[in-house]
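Read the structure below first, then the notes.
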Amino acid sequence: MRRLSTLALTLLLTLLLTVLAPAAPTRAATGSSEASGAAIEALATGAAYPASLNAQIRAFDQQLSALPTQQDLDDQQSALDKRTAAYNEQSRAVLDALDANDRKIDAHNAEVAQYPDGAPPSVADALNAEAQAINSEQQQLKDQAGKIADEGDSIKADQKALDGRKSDLDTKRSTLRTTRGTLIVQMATALATLLTPPPPGAGRADGGDPAHPAAAAPPVDGGDSVSGATSGKPLDQYAARTGEKVDKRPVTAVLSPNAVSRASSDHAGALPPLRFYDGLVKKPDGTYRALYLSNSARKPTAAETAFDDTVGRGAAGIAVVDGKKILITEVRPVDAPAAPQPDQQVRHLALGLSSGGIKGFAEAHSFEHLMRRDITRAELRRETLSRLNSPNYRIHFSLKDMSRTDYPNILLRGYTWETDSRWRGKTPQVNGKILPFAEKWEFAPSVTDWELYMVHTLPGVLERTTFYDENGTVMESSPFLPYLAQLPQ
C-alpha cells in the first residue's frame with residue numbers, strides 16, 4: 001500500500017487580491033474656481049505697460065503654459081480607470097479559479113482520507129497524478145495572482161502620484177490666479193493713467209492742407225464690432241424701444257483697478273484690463289450703461305463676459321467721452337442682425353516718419369500704410385483716426401530715423417498740433433520769438449508727432465501698438481511713457 005499526501009488550500013493568497021474602486025473625480029466643491037472649470041487665460045504684453053510689468057506678464061504666461069492641462073490629467077485618470085477595471089476583472093477571474101482549485105483540493109483530500117493506511121498502487125498512482133495536476137494548476141494561479149497583485153500595487157501607486165499632480169495643479173492654478181489678478185490691477189492702473197482726457201476736438205477730422213506723399217491703403221471698415229455700417233440701426237432701434245438717448249460712438253473702457261476684487265471666481269481667470277463697447281447711455285446718476293451688439297453668430301468672448309460680469313457686480317469701467325472721464329456701471333447687449341457678417345479680421349497699420357522709410361517698413365511686413373500722394377491732410381487725419389479707433393487694427397510704429405534726443409518733446413509737439421492748427425509744421429512763436437514751451441524743441445510739429453500723440457492719448461490704442469526701434473527691433477514698451485506726464489492736464 002502506498003501512502004498519500006493531502007493538499008494545502010490557498011486561503012492566504014486570496015487575501016492578497018482586493019477589488020479596487022475607480023478613482024472618484026477630484027473636482028472641488030461646487031462654487032470654487034476649479035469646480036466651475038474656469039480657465040485661466042494668458043495675458044498680453046503691450047506698449048502701454050512699463051518694461052518691468054511686461055516682464056512679469058511674460059513670466060506669468062510662461063508659468064501658465066508650463067502647467068499640465070486639465071484634459072491631460074483627465075486622460076491620465078481615464079487610463080488608470082481602465083487599468084483598474086481590467087485589474088478587477090482579472091482579480092475576480094483568478095479568485096474564482098482559485099476557489100475552484102480549492103474545491104478540487106477538498107475533493108481530492110476527501111478521497112485520500114478514505115485510505116488512511118495507504119491505497120493500492122493503481123489507486124495511489126491515479127490520486128498522486130491528480131494531486132500533481134492540482135498542485136500545478138494551483139501554482140500557475142498563484143503566479144497569475146501575484147502578477148495581478150503587482151498590477152494592483154502599481155495602480156495604487158500611480159493613482160497616488162496622479163492625485164498628487166492634481167493637488168499640485170490646483171495649488172499652482174490658485175497661485176497663478178492670484179498672480180493674474182495682481183497683474184490685471186497693475187495693467188488697469190497703467191491704462192487708467194493713460195486716460196488723460198485729450199483736449200476738446202481731439203480725434204475730429206478737420207483741416208485741408210496737403211499731406212505727405214504715399215502709397216494707397218485699403219479703406220477702413222469703421223471698427224464696429226458686429227456689422228460695421230449697419231451698427232447704428234440696432235442702436236437706433238434700441239433707443240426707439242427704450243426712449244433713451246444713445247451715444248453711438250464706439251468706446252474703449254478700462255477696468256477700474258479696484259474692480260478686480262469684485263470678479264467672481266468663475267470669471268477671474270479670464271478678466272481683461274479693457275473692453276470695447278459699441279455705444280453708451282447716460283444714466284440718471286451720471287454714470288453710463290455700455291451697449292454691445294450681439295447675435296447668434298457673435299457672442300461675447302470669455303474675456304468680454306468676465307468684464308461685463310465684474311461691472312455687474314458693482315465694479316466700474318473707465319472711459320473718456322468728449323474729453324471727460326466717465327464711469328460705466330452697467331452693461332447691456334443689443335440684438336443686431338446676423339448678416340452681413342462682421343469683419344473680424346485683424347488688420348495692421350504702419351505709422352512713422354512721412355519719408356519713404358515708412359513705406360518700405362510697411363511693405364516689408366505686409367502692413368497697411370497711408371503714404372498716398374493724392375491724400376489731403378484732412379483725409380489723412382480721418383483715415384488714421386478710423387484705424388486707431390478700430391479694435392480690429394494693430395498699430396505698428398517705426399521709430400527709424402527719429403532722433404532720440406528730442407523724445408521728451410515729441411508728444412508735446414503732437415499736442416500742440418492737435419490743439420492749435422496755427423502751429424502745424426511750424427515752431428510756435430510771437431513777434432519772431434519762440435514761445436517758452438517750445439524753446440527746447442528741435443523741430444516744428446509734424447504729422448508723426450500728431451500720430452504719436454493720438455496713439456498715446458486715444459483710449460485703448462496704445463494697448464494695440466507695437467514700437468520698433470531704429471534697428472527694427474520690437475521694443476518692450478512705449479519709449480514715450482516717461483514723457484506723458486509733461487502733457488497739459
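Please note that chains go A, B, ... in the order of the C-alpha cells, that every chain numbers its residues from 1, and that ligands are numbered from 1 in the order shown.
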Quiz prompt | Secondary structure check, alpha helix (DSSP H) residues of stretch 60-251 of chain A, as a PyMOL selection string | solution = chain A and resi 60-66+70-112+121-194+232-242
Quiz prompt | Test item: residues at most 9 Å from A:Ala268, only C-alpha atoms, excluding those fewer than 6 positions along its chain, as a PyMOL selection string | solution = chain A and resi 33+38-40+177+180-181+260-262+306+310
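Taking only C-alpha atoms, the non-local environment of A:Leu280 within 9 Å (same-chain residues fewer than 6 positions away omitted) comprises Lys245, Val246, Asp247, Lys248, Arg249, Pro250, Val251, Tyr288, Arg289, Ala290, Leu291, Tyr292 and Ile328 of chain A.
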Quiz item: Just asking: which residues within stretch 282-457 of chain A are strand (DSSP E or B) according to DSSP, as an NGL selection string?
Solution: :A and (282 or 288-295 or 298 or 317-321 or 324-335 or 347-351 or 368 or 376 or 393-398 or 429-430 or 433-434)
Self-check item: Distance query A:Asp309 at most 8 Å, only C-alpha atoms, self and fewer than 2 positions along chain excluded, as a count of residues only
Solution: 9
Self-check item: 10 Å contact set for A:Thr384, only C-alpha atoms, chain neighbours under 2 positions out, as a list in words
Solution: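 Counting only C-alpha atoms, the residues come to Gly203, Ala205, Val220, Leu349, Leu351, His369, Leu370, Ala378, Glu379, Leu380, Arg381, Arg382, Ser386, Arg387, Leu388, Asn389, Glu451 and Met454 of chain A.
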Residues from last step as file, N, CA and C atoms, as a PDB file, in the first residue's frame:
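This went into selection.pdb:
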ATOM      1  N   GLY A 203      -9.389 114.041 -32.067  1.00  0.00           N
ATOM      2  CA  GLY A 203     -10.000 112.925 -32.775  1.00  0.00           C
ATOM      3  C   GLY A 203     -10.929 113.352 -33.881  1.00  0.00           C
ATOM      4  N   ALA A 205     -11.812 115.087 -37.499  1.00  0.00           N
ATOM      5  CA  ALA A 205     -11.101 115.293 -38.762  1.00  0.00           C
ATOM      6  C   ALA A 205     -11.392 116.685 -39.288  1.00  0.00           C
ATOM      7  N   VAL A 220     -10.853 101.615 -44.450  1.00  0.00           N
ATOM      8  CA  VAL A 220     -11.129 101.016 -43.152  1.00  0.00           C
ATOM      9  C   VAL A 220     -12.613 100.707 -43.052  1.00  0.00           C
ATOM     10  N   LEU A 349      -1.668  98.489 -39.321  1.00  0.00           N
ATOM     11  CA  LEU A 349      -1.348  99.802 -39.881  1.00  0.00           C
ATOM     12  C   LEU A 349       0.050 100.203 -39.446  1.00  0.00           C
ATOM     13  N   LEU A 351       2.824 103.166 -39.008  1.00  0.00           N
ATOM     14  CA  LEU A 351       2.980 104.607 -38.858  1.00  0.00           C
ATOM     15  C   LEU A 351       4.455 104.916 -38.644  1.00  0.00           C
ATOM     16  N   HIS A 369      -0.489 101.155 -44.994  1.00  0.00           N
ATOM     17  CA  HIS A 369       0.062 102.463 -44.657  1.00  0.00           C
ATOM     18  C   HIS A 369      -0.761 103.510 -45.386  1.00  0.00           C
ATOM     19  N   LEU A 370      -0.557 104.756 -45.031  1.00  0.00           N
ATOM     20  CA  LEU A 370      -1.348 105.846 -45.603  1.00  0.00           C
ATOM     21  C   LEU A 370      -0.468 106.817 -46.376  1.00  0.00           C
ATOM     22  N   ALA A 378      -6.678 116.490 -44.204  1.00  0.00           N
ATOM     23  CA  ALA A 378      -7.942 116.140 -43.556  1.00  0.00           C
ATOM     24  C   ALA A 378      -8.284 114.674 -43.786  1.00  0.00           C
ATOM     25  N   GLU A 379      -8.047 114.204 -45.009  1.00  0.00           N
ATOM     26  CA  GLU A 379      -8.318 112.799 -45.313  1.00  0.00           C
ATOM     27  C   GLU A 379      -7.364 111.890 -44.547  1.00  0.00           C
ATOM     28  N   LEU A 380      -6.110 112.300 -44.472  1.00  0.00           N
ATOM     29  CA  LEU A 380      -5.134 111.523 -43.712  1.00  0.00           C
ATOM     30  C   LEU A 380      -5.564 111.414 -42.256  1.00  0.00           C
ATOM     31  N   ARG A 381      -5.993 112.526 -41.712  1.00  0.00           N
ATOM     32  CA  ARG A 381      -6.436 112.550 -40.317  1.00  0.00           C
ATOM     33  C   ARG A 381      -7.622 111.610 -40.114  1.00  0.00           C
ATOM     34  N   ARG A 382      -8.591 111.723 -41.008  1.00  0.00           N
ATOM     35  CA  ARG A 382      -9.789 110.903 -40.884  1.00  0.00           C
ATOM     36  C   ARG A 382      -9.459 109.414 -41.021  1.00  0.00           C
ATOM     37  N   SER A 386      -9.768 106.643 -38.009  1.00  0.00           N
ATOM     38  CA  SER A 386     -10.667 105.499 -38.190  1.00  0.00           C
ATOM     39  C   SER A 386      -9.967 104.206 -37.807  1.00  0.00           C
ATOM     40  N   ARG A 387      -8.720 104.088 -38.209  1.00  0.00           N
ATOM     41  CA  ARG A 387      -7.974 102.873 -37.903  1.00  0.00           C
ATOM     42  C   ARG A 387      -7.548 102.818 -36.439  1.00  0.00           C
ATOM     43  N   LEU A 388      -7.149 103.942 -35.893  1.00  0.00           N
ATOM     44  CA  LEU A 388      -6.761 103.961 -34.480  1.00  0.00           C
ATOM     45  C   LEU A 388      -7.931 103.574 -33.588  1.00  0.00           C
ATOM     46  N   ASN A 389      -9.138 103.969 -33.972  1.00  0.00           N
ATOM     47  CA  ASN A 389     -10.317 103.702 -33.145  1.00  0.00           C
ATOM     48  C   ASN A 389     -10.950 102.347 -33.428  1.00  0.00           C
ATOM     49  N   GLU A 451       0.572 111.794 -34.801  1.00  0.00           N
ATOM     50  CA  GLU A 451       0.232 110.376 -34.747  1.00  0.00           C
ATOM     51  C   GLU A 451       0.634 109.777 -33.402  1.00  0.00           C
ATOM     52  N   MET A 454      -1.729 110.960 -30.647  1.00  0.00           N
ATOM     53  CA  MET A 454      -3.024 110.296 -30.683  1.00  0.00           C
ATOM     54  C   MET A 454      -2.906 108.844 -30.221  1.00  0.00           C
TER      55      MET A 454
END
